[in-house]
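Working notes, structure below.
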Amino acid sequence: MLLTLFAIAEGATGLGLVVAPSILFVLLFETKQVASEAPLVGRICGAALLALAAASWGAGGAEDRQGRLGLLVGVTLYNFLTMAVLTYSALVLQMVGILLWPAILYHAATSLWGLLAIRRAQ
């Protein structure tokens, strides 16, 4: 179930980054102007999230336990590191948009959920 939730949430974020990265930057970081290369980097990140979402969606019903566990470890690491970077953005850089704290809470919750799922799977 975690992989399905991840696929949906990160797939939507990835699509948003590919289609309109500047809007997502404003909602997350309340930045009015971004460097000219930021939308390009945002689109590349969006493509990566879409690929990870597709892998997570496809692994939901897979019977290969080791493969699913490996993907779960990767997804959990992604969520933890994303939570750390977003928290840094809020606390140190003071770049806080309307969706930043909800995004931090989402990634914290999915990190914890992922750790619990990994522990249970082992």
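In the structure tokens, chains take letters A, B, ... by order of appearance, with residues numbered from 1 within each chain and ligands from 1 in the order shown.
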Can you list every residue in stretch 4-120 of chain A that DSSP puts in alpha helix (DSSP H), as an mmCIF file with N, CA, C and O atoms, in the first residue's frame?
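Output file result_13.cif is given in full below:
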data_model
loop_
_atom_site.group_PDB
_atom_site.id
_atom_site.type_symbol
_atom_site.label_atom_id
_atom_site.label_comp_id
_atom_site.auth_asym_id
_atom_site.auth_seq_id
_atom_site.Cartn_x
_atom_site.Cartn_y
_atom_site.Cartn_z
ATOM 1 N N THR A 4 1.941 2.108 -3.483
ATOM 2 C CA THR A 4 0.837 2.663 -4.270
ATOM 3 C C THR A 4 0.620 4.133 -3.916
ATOM 4 O O THR A 4 0.475 4.985 -4.810
ATOM 5 N N LEU A 5 0.595 4.449 -2.620
ATOM 6 C CA LEU A 5 0.458 5.841 -2.181
ATOM 7 C C LEU A 5 1.598 6.678 -2.741
ATOM 8 O O LEU A 5 1.388 7.774 -3.258
ATOM 9 N N PHE A 6 2.808 6.145 -2.630
ATOM 10 C CA PHE A 6 3.973 6.855 -3.133
ATOM 11 C C PHE A 6 3.850 7.099 -4.638
ATOM 12 O O PHE A 6 4.124 8.199 -5.119
ATOM 13 N N ALA A 7 3.428 6.072 -5.369
ATOM 14 C CA ALA A 7 3.294 6.198 -6.819
ATOM 15 C C ALA A 7 2.314 7.308 -7.182
ATOM 16 O O ALA A 7 2.579 8.112 -8.090
ATOM 17 N N ILE A 8 1.213 7.388 -6.486
ATOM 18 C CA ILE A 8 0.206 8.400 -6.785
ATOM 19 C C ILE A 8 0.703 9.803 -6.415
ATOM 20 O O ILE A 8 0.657 10.736 -7.225
ATOM 21 N N ALA A 9 1.204 9.960 -5.180
ATOM 22 C CA ALA A 9 1.625 11.283 -4.705
ATOM 23 C C ALA A 9 2.829 11.804 -5.480
ATOM 24 O O ALA A 9 2.839 12.950 -5.942
ATOM 25 N N GLU A 10 3.839 10.972 -5.640
ATOM 26 C CA GLU A 10 5.037 11.437 -6.326
ATOM 27 C C GLU A 10 4.825 11.517 -7.834
ATOM 28 O O GLU A 10 5.447 12.337 -8.507
ATOM 29 N N GLY A 11 3.941 10.684 -8.358
ATOM 30 C CA GLY A 11 3.592 10.794 -9.777
ATOM 31 C C GLY A 11 2.934 12.132 -10.068
ATOM 32 O O GLY A 11 3.248 12.793 -11.068
ATOM 33 N N ALA A 12 2.035 12.552 -9.191
ATOM 34 C CA ALA A 12 1.380 13.856 -9.360
ATOM 35 C C ALA A 12 2.392 14.992 -9.233
ATOM 36 O O ALA A 12 2.366 15.953 -10.016
ATOM 37 N N THR A 13 3.296 14.886 -8.262
ATOM 38 C CA THR A 13 4.333 15.907 -8.099
ATOM 39 C C THR A 13 5.244 15.939 -9.316
ATOM 40 O O THR A 13 5.595 17.012 -9.825
ATOM 41 N N GLY A 14 5.638 14.755 -9.782
ATOM 42 C CA GLY A 14 6.498 14.678 -10.967
ATOM 43 C C GLY A 14 5.842 15.295 -12.187
ATOM 44 O O GLY A 14 6.469 16.039 -12.946
ATOM 45 N N LEU A 15 4.559 14.999 -12.378
ATOM 46 C CA LEU A 15 3.825 15.582 -13.496
ATOM 47 C C LEU A 15 3.770 17.101 -13.376
ATOM 48 O O LEU A 15 3.964 17.823 -14.355
ATOM 49 N N GLY A 16 3.519 17.580 -12.159
ATOM 50 C CA GLY A 16 3.512 19.030 -11.933
ATOM 51 C C GLY A 16 4.848 19.672 -12.255
ATOM 52 O O GLY A 16 4.906 20.750 -12.844
ATOM 53 N N LEU A 17 5.934 18.997 -11.882
ATOM 54 C CA LEU A 17 7.261 19.534 -12.178
ATOM 55 C C LEU A 17 7.566 19.528 -13.667
ATOM 56 O O LEU A 17 8.218 20.443 -14.175
ATOM 57 N N VAL A 18 7.118 18.515 -14.370
ATOM 58 C CA VAL A 18 7.361 18.450 -15.812
ATOM 59 C C VAL A 18 6.560 19.523 -16.546
ATOM 60 O O VAL A 18 7.070 20.205 -17.429
ATOM 61 N N VAL A 19 5.307 19.697 -16.146
ATOM 62 C CA VAL A 19 4.405 20.611 -16.858
ATOM 63 C C VAL A 19 4.604 22.073 -16.455
ATOM 64 O O VAL A 19 4.680 22.955 -17.306
ATOM 65 N N PRO A 21 6.910 23.683 -13.579
ATOM 66 C CA PRO A 21 7.781 23.694 -12.403
ATOM 67 C C PRO A 21 7.732 25.004 -11.612
ATOM 68 O O PRO A 21 7.790 24.988 -10.379
ATOM 69 N N SER A 22 7.585 26.119 -12.295
ATOM 70 C CA SER A 22 7.583 27.410 -11.592
ATOM 71 C C SER A 22 6.419 27.520 -10.613
ATOM 72 O O SER A 22 6.555 28.107 -9.540
ATOM 73 N N ILE A 23 5.262 26.964 -10.963
ATOM 74 C CA ILE A 23 4.103 27.002 -10.061
ATOM 75 C C ILE A 23 4.399 26.195 -8.801
ATOM 76 O O ILE A 23 4.110 26.635 -7.688
ATOM 77 N N LEU A 24 4.999 25.028 -8.970
ATOM 78 C CA LEU A 24 5.348 24.211 -7.814
ATOM 79 C C LEU A 24 6.392 24.909 -6.945
ATOM 80 O O LEU A 24 6.329 24.835 -5.718
ATOM 81 N N PHE A 25 7.348 25.605 -7.565
ATOM 82 C CA PHE A 25 8.351 26.344 -6.799
ATOM 83 C C PHE A 25 7.698 27.413 -5.928
ATOM 84 O O PHE A 25 8.076 27.608 -4.775
ATOM 85 N N VAL A 26 6.706 28.101 -6.478
ATOM 86 C CA VAL A 26 6.004 29.133 -5.711
ATOM 87 C C VAL A 26 5.227 28.508 -4.552
ATOM 88 O O VAL A 26 5.271 28.993 -3.428
ATOM 89 N N LEU A 27 4.531 27.403 -4.824
ATOM 90 C CA LEU A 27 3.734 26.759 -3.778
ATOM 91 C C LEU A 27 4.595 26.162 -2.669
ATOM 92 O O LEU A 27 4.213 26.183 -1.501
ATOM 93 N N LEU A 28 5.750 25.639 -3.006
ATOM 94 C CA LEU A 28 6.619 25.046 -1.994
ATOM 95 C C LEU A 28 7.512 26.075 -1.310
ATOM 96 O O LEU A 28 7.672 26.043 -0.087
ATOM 97 N N PHE A 29 8.107 26.975 -2.079
ATOM 98 C CA PHE A 29 9.145 27.850 -1.531
ATOM 99 C C PHE A 29 8.805 29.330 -1.563
ATOM 100 O O PHE A 29 9.606 30.153 -1.144
ATOM 101 N N ALA A 38 16.469 26.803 -13.373
ATOM 102 C CA ALA A 38 15.657 26.094 -12.378
ATOM 103 C C ALA A 38 14.483 25.315 -12.995
ATOM 104 O O ALA A 38 14.262 24.165 -12.611
ATOM 105 N N PRO A 39 13.729 25.879 -13.926
ATOM 106 C CA PRO A 39 12.651 25.083 -14.525
ATOM 107 C C PRO A 39 13.157 23.832 -15.247
ATOM 108 O O PRO A 39 12.524 22.778 -15.194
ATOM 109 N N LEU A 40 14.315 23.928 -15.887
ATOM 110 C CA LEU A 40 14.886 22.767 -16.558
ATOM 111 C C LEU A 40 15.247 21.686 -15.534
ATOM 112 O O LEU A 40 14.907 20.517 -15.704
ATOM 113 N N VAL A 41 15.910 22.082 -14.457
ATOM 114 C CA VAL A 41 16.267 21.131 -13.399
ATOM 115 C C VAL A 41 14.998 20.564 -12.763
ATOM 116 O O VAL A 41 14.921 19.367 -12.470
ATOM 117 N N GLY A 42 13.994 21.403 -12.580
ATOM 118 C CA GLY A 42 12.714 20.942 -12.037
ATOM 119 C C GLY A 42 12.069 19.897 -12.929
ATOM 120 O O GLY A 42 11.520 18.903 -12.457
ATOM 121 N N ARG A 43 12.139 20.111 -14.227
ATOM 122 C CA ARG A 43 11.566 19.139 -15.174
ATOM 123 C C ARG A 43 12.334 17.815 -15.152
ATOM 124 O O ARG A 43 11.745 16.742 -15.245
ATOM 125 N N ILE A 44 13.650 17.881 -15.012
ATOM 126 C CA ILE A 44 14.444 16.653 -14.906
ATOM 127 C C ILE A 44 14.066 15.905 -13.625
ATOM 128 O O ILE A 44 13.881 14.683 -13.646
ATOM 129 N N CYS A 45 13.926 16.627 -12.530
ATOM 130 C CA CYS A 45 13.490 16.003 -11.263
ATOM 131 C C CYS A 45 12.087 15.420 -11.411
ATOM 132 O O CYS A 45 11.792 14.342 -10.880
ATOM 133 N N GLY A 46 11.228 16.121 -12.121
ATOM 134 C CA GLY A 46 9.872 15.628 -12.363
ATOM 135 C C GLY A 46 9.884 14.333 -13.150
ATOM 136 O O GLY A 46 9.146 13.394 -12.858
ATOM 137 N N ALA A 47 10.760 14.261 -14.158
ATOM 138 C CA ALA A 47 10.879 13.032 -14.944
ATOM 139 C C ALA A 47 11.367 11.880 -14.067
ATOM 140 O O ALA A 47 10.864 10.753 -14.171
ATOM 141 N N ALA A 48 12.314 12.155 -13.188
ATOM 142 C CA ALA A 48 12.810 11.121 -12.271
ATOM 143 C C ALA A 48 11.704 10.655 -11.327
ATOM 144 O O ALA A 48 11.570 9.452 -11.057
ATOM 145 N N LEU A 49 10.906 11.585 -10.823
ATOM 146 C CA LEU A 49 9.796 11.207 -9.941
ATOM 147 C C LEU A 49 8.758 10.376 -10.683
ATOM 148 O O LEU A 49 8.212 9.414 -10.121
ATOM 149 N N LEU A 50 8.486 10.716 -11.924
ATOM 150 C CA LEU A 50 7.542 9.925 -12.715
ATOM 151 C C LEU A 50 8.075 8.506 -12.933
ATOM 152 O O LEU A 50 7.312 7.530 -12.846
ATOM 153 N N ALA A 51 9.369 8.379 -13.180
ATOM 154 C CA ALA A 51 9.959 7.049 -13.345
ATOM 155 C C ALA A 51 9.883 6.252 -12.049
ATOM 156 O O ALA A 51 9.527 5.061 -12.049
ATOM 157 N N LEU A 52 10.182 6.885 -10.923
ATOM 158 C CA LEU A 52 10.103 6.214 -9.622
ATOM 159 C C LEU A 52 8.665 5.845 -9.284
ATOM 160 O O LEU A 52 8.395 4.774 -8.737
ATOM 161 N N ALA A 53 7.736 6.714 -9.634
ATOM 162 C CA ALA A 53 6.313 6.424 -9.411
ATOM 163 C C ALA A 53 5.874 5.228 -10.238
ATOM 164 O O ALA A 53 5.145 4.349 -9.757
ATOM 165 N N ALA A 54 6.328 5.159 -11.491
ATOM 166 C CA ALA A 54 5.972 4.029 -12.351
ATOM 167 C C ALA A 54 6.537 2.726 -11.796
ATOM 168 O O ALA A 54 5.846 1.690 -11.783
ATOM 169 N N ALA A 55 7.776 2.760 -11.324
ATOM 170 C CA ALA A 55 8.384 1.564 -10.737
ATOM 171 C C ALA A 55 7.632 1.142 -9.475
ATOM 172 O O ALA A 55 7.389 -0.049 -9.245
ATOM 173 N N SER A 56 7.245 2.102 -8.668
ATOM 174 C CA SER A 56 6.511 1.799 -7.432
ATOM 175 C C SER A 56 5.135 1.225 -7.746
ATOM 176 O O SER A 56 4.685 0.281 -7.096
ATOM 177 N N TRP A 57 4.472 1.788 -8.728
ATOM 178 C CA TRP A 57 3.141 1.304 -9.127
ATOM 179 C C TRP A 57 3.240 -0.136 -9.619
ATOM 180 O O TRP A 57 2.455 -0.996 -9.248
ATOM 181 N N GLY A 58 4.228 -0.383 -10.452
ATOM 182 C CA GLY A 58 4.404 -1.721 -11.007
ATOM 183 C C GLY A 58 4.811 -2.752 -9.971
ATOM 184 O O GLY A 58 4.484 -3.936 -10.091
ATOM 185 N N ALA A 59 5.510 -2.341 -8.921
ATOM 186 C CA ALA A 59 5.983 -3.273 -7.895
ATOM 187 C C ALA A 59 4.903 -3.623 -6.888
ATOM 188 O O ALA A 59 5.056 -4.579 -6.127
ATOM 189 N N ARG A 65 9.838 -10.716 -3.779
ATOM 190 C CA ARG A 65 9.937 -10.075 -2.464
ATOM 191 C C ARG A 65 11.203 -9.225 -2.340
ATOM 192 O O ARG A 65 11.158 -8.122 -1.817
ATOM 193 N N GLN A 66 12.329 -9.742 -2.818
ATOM 194 C CA GLN A 66 13.591 -9.006 -2.728
ATOM 195 C C GLN A 66 13.543 -7.731 -3.569
ATOM 196 O O GLN A 66 14.034 -6.696 -3.151
ATOM 197 N N GLY A 67 12.954 -7.820 -4.750
ATOM 198 C CA GLY A 67 12.827 -6.640 -5.601
ATOM 199 C C GLY A 67 11.968 -5.565 -4.965
ATOM 200 O O GLY A 67 12.317 -4.390 -4.981
ATOM 201 N N ARG A 68 10.845 -5.982 -4.398
ATOM 202 C CA ARG A 68 9.967 -5.016 -3.717
ATOM 203 C C ARG A 68 10.658 -4.409 -2.512
ATOM 204 O O ARG A 68 10.526 -3.217 -2.247
ATOM 205 N N LEU A 69 11.404 -5.241 -1.759
ATOM 206 C CA LEU A 69 12.106 -4.737 -0.580
ATOM 207 C C LEU A 69 13.164 -3.714 -0.993
ATOM 208 O O LEU A 69 13.303 -2.660 -0.361
ATOM 209 N N GLY A 70 13.890 -4.007 -2.081
ATOM 210 C CA GLY A 70 14.886 -3.056 -2.571
ATOM 211 C C GLY A 70 14.264 -1.734 -2.978
ATOM 212 O O GLY A 70 14.791 -0.663 -2.673
ATOM 213 N N LEU A 71 13.134 -1.799 -3.666
ATOM 214 C CA LEU A 71 12.433 -0.579 -4.065
ATOM 215 C C LEU A 71 11.926 0.170 -2.833
ATOM 216 O O LEU A 71 12.025 1.392 -2.757
ATOM 217 N N LEU A 72 11.436 -0.557 -1.861
ATOM 218 C CA LEU A 72 10.946 0.056 -0.623
ATOM 219 C C LEU A 72 12.073 0.778 0.113
ATOM 220 O O LEU A 72 11.873 1.885 0.624
ATOM 221 N N VAL A 73 13.247 0.181 0.149
ATOM 222 C CA VAL A 73 14.403 0.843 0.772
ATOM 223 C C VAL A 73 14.734 2.128 0.021
ATOM 224 O O VAL A 73 14.953 3.179 0.626
ATOM 225 N N GLY A 74 14.738 2.067 -1.305
ATOM 226 C CA GLY A 74 15.019 3.262 -2.105
ATOM 227 C C GLY A 74 13.995 4.364 -1.907
ATOM 228 O O GLY A 74 14.344 5.535 -1.756
ATOM 229 N N VAL A 75 12.734 3.994 -1.886
ATOM 230 C CA VAL A 75 11.658 4.968 -1.694
ATOM 231 C C VAL A 75 11.747 5.590 -0.294
ATOM 232 O O VAL A 75 11.551 6.796 -0.120
ATOM 233 N N THR A 76 12.060 4.782 0.691
ATOM 234 C CA THR A 76 12.182 5.288 2.065
ATOM 235 C C THR A 76 13.359 6.249 2.176
ATOM 236 O O THR A 76 13.243 7.318 2.794
ATOM 237 N N LEU A 77 14.470 5.900 1.570
ATOM 238 C CA LEU A 77 15.631 6.794 1.572
ATOM 239 C C LEU A 77 15.301 8.100 0.863
ATOM 240 O O LEU A 77 15.633 9.186 1.348
ATOM 241 N N TYR A 78 14.634 8.014 -0.280
ATOM 242 C CA TYR A 78 14.211 9.216 -1.004
ATOM 243 C C TYR A 78 13.355 10.114 -0.100
ATOM 244 O O TYR A 78 13.579 11.321 -0.025
ATOM 245 N N ASN A 79 12.377 9.517 0.574
ATOM 246 C CA ASN A 79 11.488 10.314 1.427
ATOM 247 C C ASN A 79 12.239 10.957 2.581
ATOM 248 O O ASN A 79 11.998 12.123 2.917
ATOM 249 N N PHE A 80 13.148 10.221 3.192
ATOM 250 C CA PHE A 80 13.914 10.778 4.309
ATOM 251 C C PHE A 80 14.792 11.939 3.838
ATOM 252 O O PHE A 80 14.814 13.004 4.463
ATOM 253 N N LEU A 81 15.513 11.745 2.743
ATOM 254 C CA LEU A 81 16.390 12.802 2.247
ATOM 255 C C LEU A 81 15.596 14.017 1.765
ATOM 256 O O LEU A 81 16.013 15.165 1.977
ATOM 257 N N THR A 82 14.456 13.783 1.138
ATOM 258 C CA THR A 82 13.610 14.890 0.698
ATOM 259 C C THR A 82 13.082 15.663 1.894
ATOM 260 O O THR A 82 13.071 16.905 1.888
ATOM 261 N N MET A 83 12.671 14.956 2.944
ATOM 262 C CA MET A 83 12.227 15.619 4.166
ATOM 263 C C MET A 83 13.352 16.490 4.727
ATOM 264 O O MET A 83 13.124 17.636 5.129
ATOM 265 N N ALA A 84 14.582 15.981 4.733
ATOM 266 C CA ALA A 84 15.713 16.738 5.269
ATOM 267 C C ALA A 84 15.985 17.996 4.442
ATOM 268 O O ALA A 84 16.182 19.089 4.997
ATOM 269 N N VAL A 85 15.970 17.878 3.130
ATOM 270 C CA VAL A 85 16.233 19.028 2.256
ATOM 271 C C VAL A 85 15.129 20.077 2.388
ATOM 272 O O VAL A 85 15.395 21.281 2.476
ATOM 273 N N LEU A 86 13.883 19.625 2.424
ATOM 274 C CA LEU A 86 12.770 20.572 2.579
ATOM 275 C C LEU A 86 12.792 21.254 3.940
ATOM 276 O O LEU A 86 12.493 22.447 4.045
ATOM 277 N N THR A 87 13.159 20.525 4.982
ATOM 278 C CA THR A 87 13.267 21.119 6.321
ATOM 279 C C THR A 87 14.386 22.158 6.343
ATOM 280 O O THR A 87 14.236 23.238 6.929
ATOM 281 N N TYR A 88 15.494 21.855 5.695
ATOM 282 C CA TYR A 88 16.584 22.820 5.560
ATOM 283 C C TYR A 88 16.091 24.080 4.847
ATOM 284 O O TYR A 88 16.403 25.200 5.256
ATOM 285 N N SER A 89 15.316 23.889 3.800
ATOM 286 C CA SER A 89 14.758 25.026 3.073
ATOM 287 C C SER A 89 13.926 25.918 3.990
ATOM 288 O O SER A 89 14.008 27.137 3.919
ATOM 289 N N ALA A 90 13.143 25.280 4.844
ATOM 290 C CA ALA A 90 12.267 26.046 5.740
ATOM 291 C C ALA A 90 13.049 26.729 6.866
ATOM 292 O O ALA A 90 12.877 27.923 7.112
ATOM 293 N N LEU A 91 13.894 25.967 7.540
ATOM 294 C CA LEU A 91 14.534 26.470 8.756
ATOM 295 C C LEU A 91 15.775 27.318 8.504
ATOM 296 O O LEU A 91 16.009 28.293 9.214
ATOM 297 N N LEU A 100 4.879 23.844 1.729
ATOM 298 C CA LEU A 100 6.147 23.290 2.216
ATOM 299 C C LEU A 100 5.968 22.431 3.460
ATOM 300 O O LEU A 100 6.431 21.292 3.503
ATOM 301 N N TRP A 101 5.313 22.937 4.500
ATOM 302 C CA TRP A 101 5.174 22.145 5.728
ATOM 303 C C TRP A 101 4.315 20.902 5.512
ATOM 304 O O TRP A 101 4.651 19.830 6.025
ATOM 305 N N PRO A 102 3.231 20.969 4.740
ATOM 306 C CA PRO A 102 2.531 19.712 4.431
ATOM 307 C C PRO A 102 3.424 18.707 3.700
ATOM 308 O O PRO A 102 3.353 17.505 3.966
ATOM 309 N N ALA A 103 4.282 19.198 2.807
ATOM 310 C CA ALA A 103 5.199 18.296 2.094
ATOM 311 C C ALA A 103 6.203 17.672 3.058
ATOM 312 O O ALA A 103 6.514 16.482 2.972
ATOM 313 N N ILE A 104 6.706 18.470 3.991
ATOM 314 C CA ILE A 104 7.644 17.945 4.997
ATOM 315 C C ILE A 104 6.963 16.873 5.840
ATOM 316 O O ILE A 104 7.532 15.800 6.079
ATOM 317 N N LEU A 105 5.751 17.135 6.277
ATOM 318 C CA LEU A 105 5.016 16.155 7.090
ATOM 319 C C LEU A 105 4.721 14.879 6.304
ATOM 320 O O LEU A 105 4.827 13.770 6.836
ATOM 321 N N TYR A 106 4.360 15.026 5.037
ATOM 322 C CA TYR A 106 4.113 13.860 4.187
ATOM 323 C C TYR A 106 5.373 12.997 4.087
ATOM 324 O O TYR A 106 5.323 11.783 4.249
ATOM 325 N N HIS A 107 6.503 13.631 3.802
ATOM 326 C CA HIS A 107 7.741 12.866 3.642
ATOM 327 C C HIS A 107 8.210 12.268 4.969
ATOM 328 O O HIS A 107 8.785 11.173 4.984
ATOM 329 N N ALA A 108 7.960 12.956 6.074
ATOM 330 C CA ALA A 108 8.299 12.377 7.379
ATOM 331 C C ALA A 108 7.443 11.138 7.652
ATOM 332 O O ALA A 108 7.954 10.093 8.090
ATOM 333 N N ALA A 109 6.158 11.250 7.378
ATOM 334 C CA ALA A 109 5.251 10.121 7.619
ATOM 335 C C ALA A 109 5.579 8.940 6.723
ATOM 336 O O ALA A 109 5.611 7.789 7.184
ATOM 337 N N THR A 110 5.862 9.197 5.444
ATOM 338 C CA THR A 110 6.166 8.083 4.550
ATOM 339 C C THR A 110 7.543 7.488 4.853
ATOM 340 O O THR A 110 7.762 6.296 4.630
ATOM 341 N N SER A 111 8.455 8.290 5.381
ATOM 342 C CA SER A 111 9.748 7.752 5.822
ATOM 343 C C SER A 111 9.547 6.776 6.970
ATOM 344 O O SER A 111 10.097 5.666 6.972
ATOM 345 N N LEU A 112 8.770 7.185 7.945
ATOM 346 C CA LEU A 112 8.496 6.325 9.105
ATOM 347 C C LEU A 112 7.744 5.070 8.670
ATOM 348 O O LEU A 112 8.082 3.951 9.079
ATOM 349 N N TRP A 113 6.743 5.241 7.832
ATOM 350 C CA TRP A 113 5.967 4.109 7.322
ATOM 351 C C TRP A 113 6.883 3.146 6.562
ATOM 352 O O TRP A 113 6.786 1.925 6.708
ATOM 353 N N GLY A 114 7.776 3.698 5.758
ATOM 354 C CA GLY A 114 8.717 2.871 5.016
ATOM 355 C C GLY A 114 9.639 2.085 5.934
ATOM 356 O O GLY A 114 9.886 0.897 5.721
ATOM 357 N N LEU A 115 10.157 2.739 6.976
ATOM 358 C CA LEU A 115 11.017 2.031 7.937
ATOM 359 C C LEU A 115 10.268 0.883 8.612
ATOM 360 O O LEU A 115 10.822 -0.210 8.783
ATOM 361 N N LEU A 116 9.035 1.144 8.993
ATOM 362 C CA LEU A 116 8.226 0.096 9.620
ATOM 363 C C LEU A 116 7.964 -1.054 8.638
ATOM 364 O O LEU A 116 8.030 -2.232 9.021
ATOM 365 N N ALA A 117 7.690 -0.722 7.389
ATOM 366 C CA ALA A 117 7.435 -1.754 6.381
ATOM 367 C C ALA A 117 8.692 -2.574 6.100
ATOM 368 O O ALA A 117 8.628 -3.803 5.932
ATOM 369 N N ILE A 118 9.846 -1.921 6.070
ATOM 370 C CA ILE A 118 11.113 -2.625 5.859
ATOM 371 C C ILE A 118 11.384 -3.576 7.022
ATOM 372 O O ILE A 118 11.737 -4.747 6.829
ATOM 373 N N ARG A 119 11.183 -3.087 8.208
ATOM 374 C CA ARG A 119 11.408 -3.915 9.406
ATOM 375 C C ARG A 119 10.482 -5.133 9.394
ATOM 376 O O ARG A 119 10.896 -6.256 9.695
ATOM 377 N N ARG A 120 9.245 -4.917 9.059
ATOM 378 C CA ARG A 120 8.256 -6.010 9.014
ATOM 379 C C ARG A 120 8.595 -7.019 7.915
ATOM 380 O O ARG A 120 8.431 -8.219 8.082
#
Closest to A:Leu93 among A:Ala20, A:Glu30, A:Leu2, A:Ala121, using only C-alpha atoms? A:Glu30
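For the pair atom CA of A:Gly97 and atom CA of A:Thr31, the separation is 7.8 Å.
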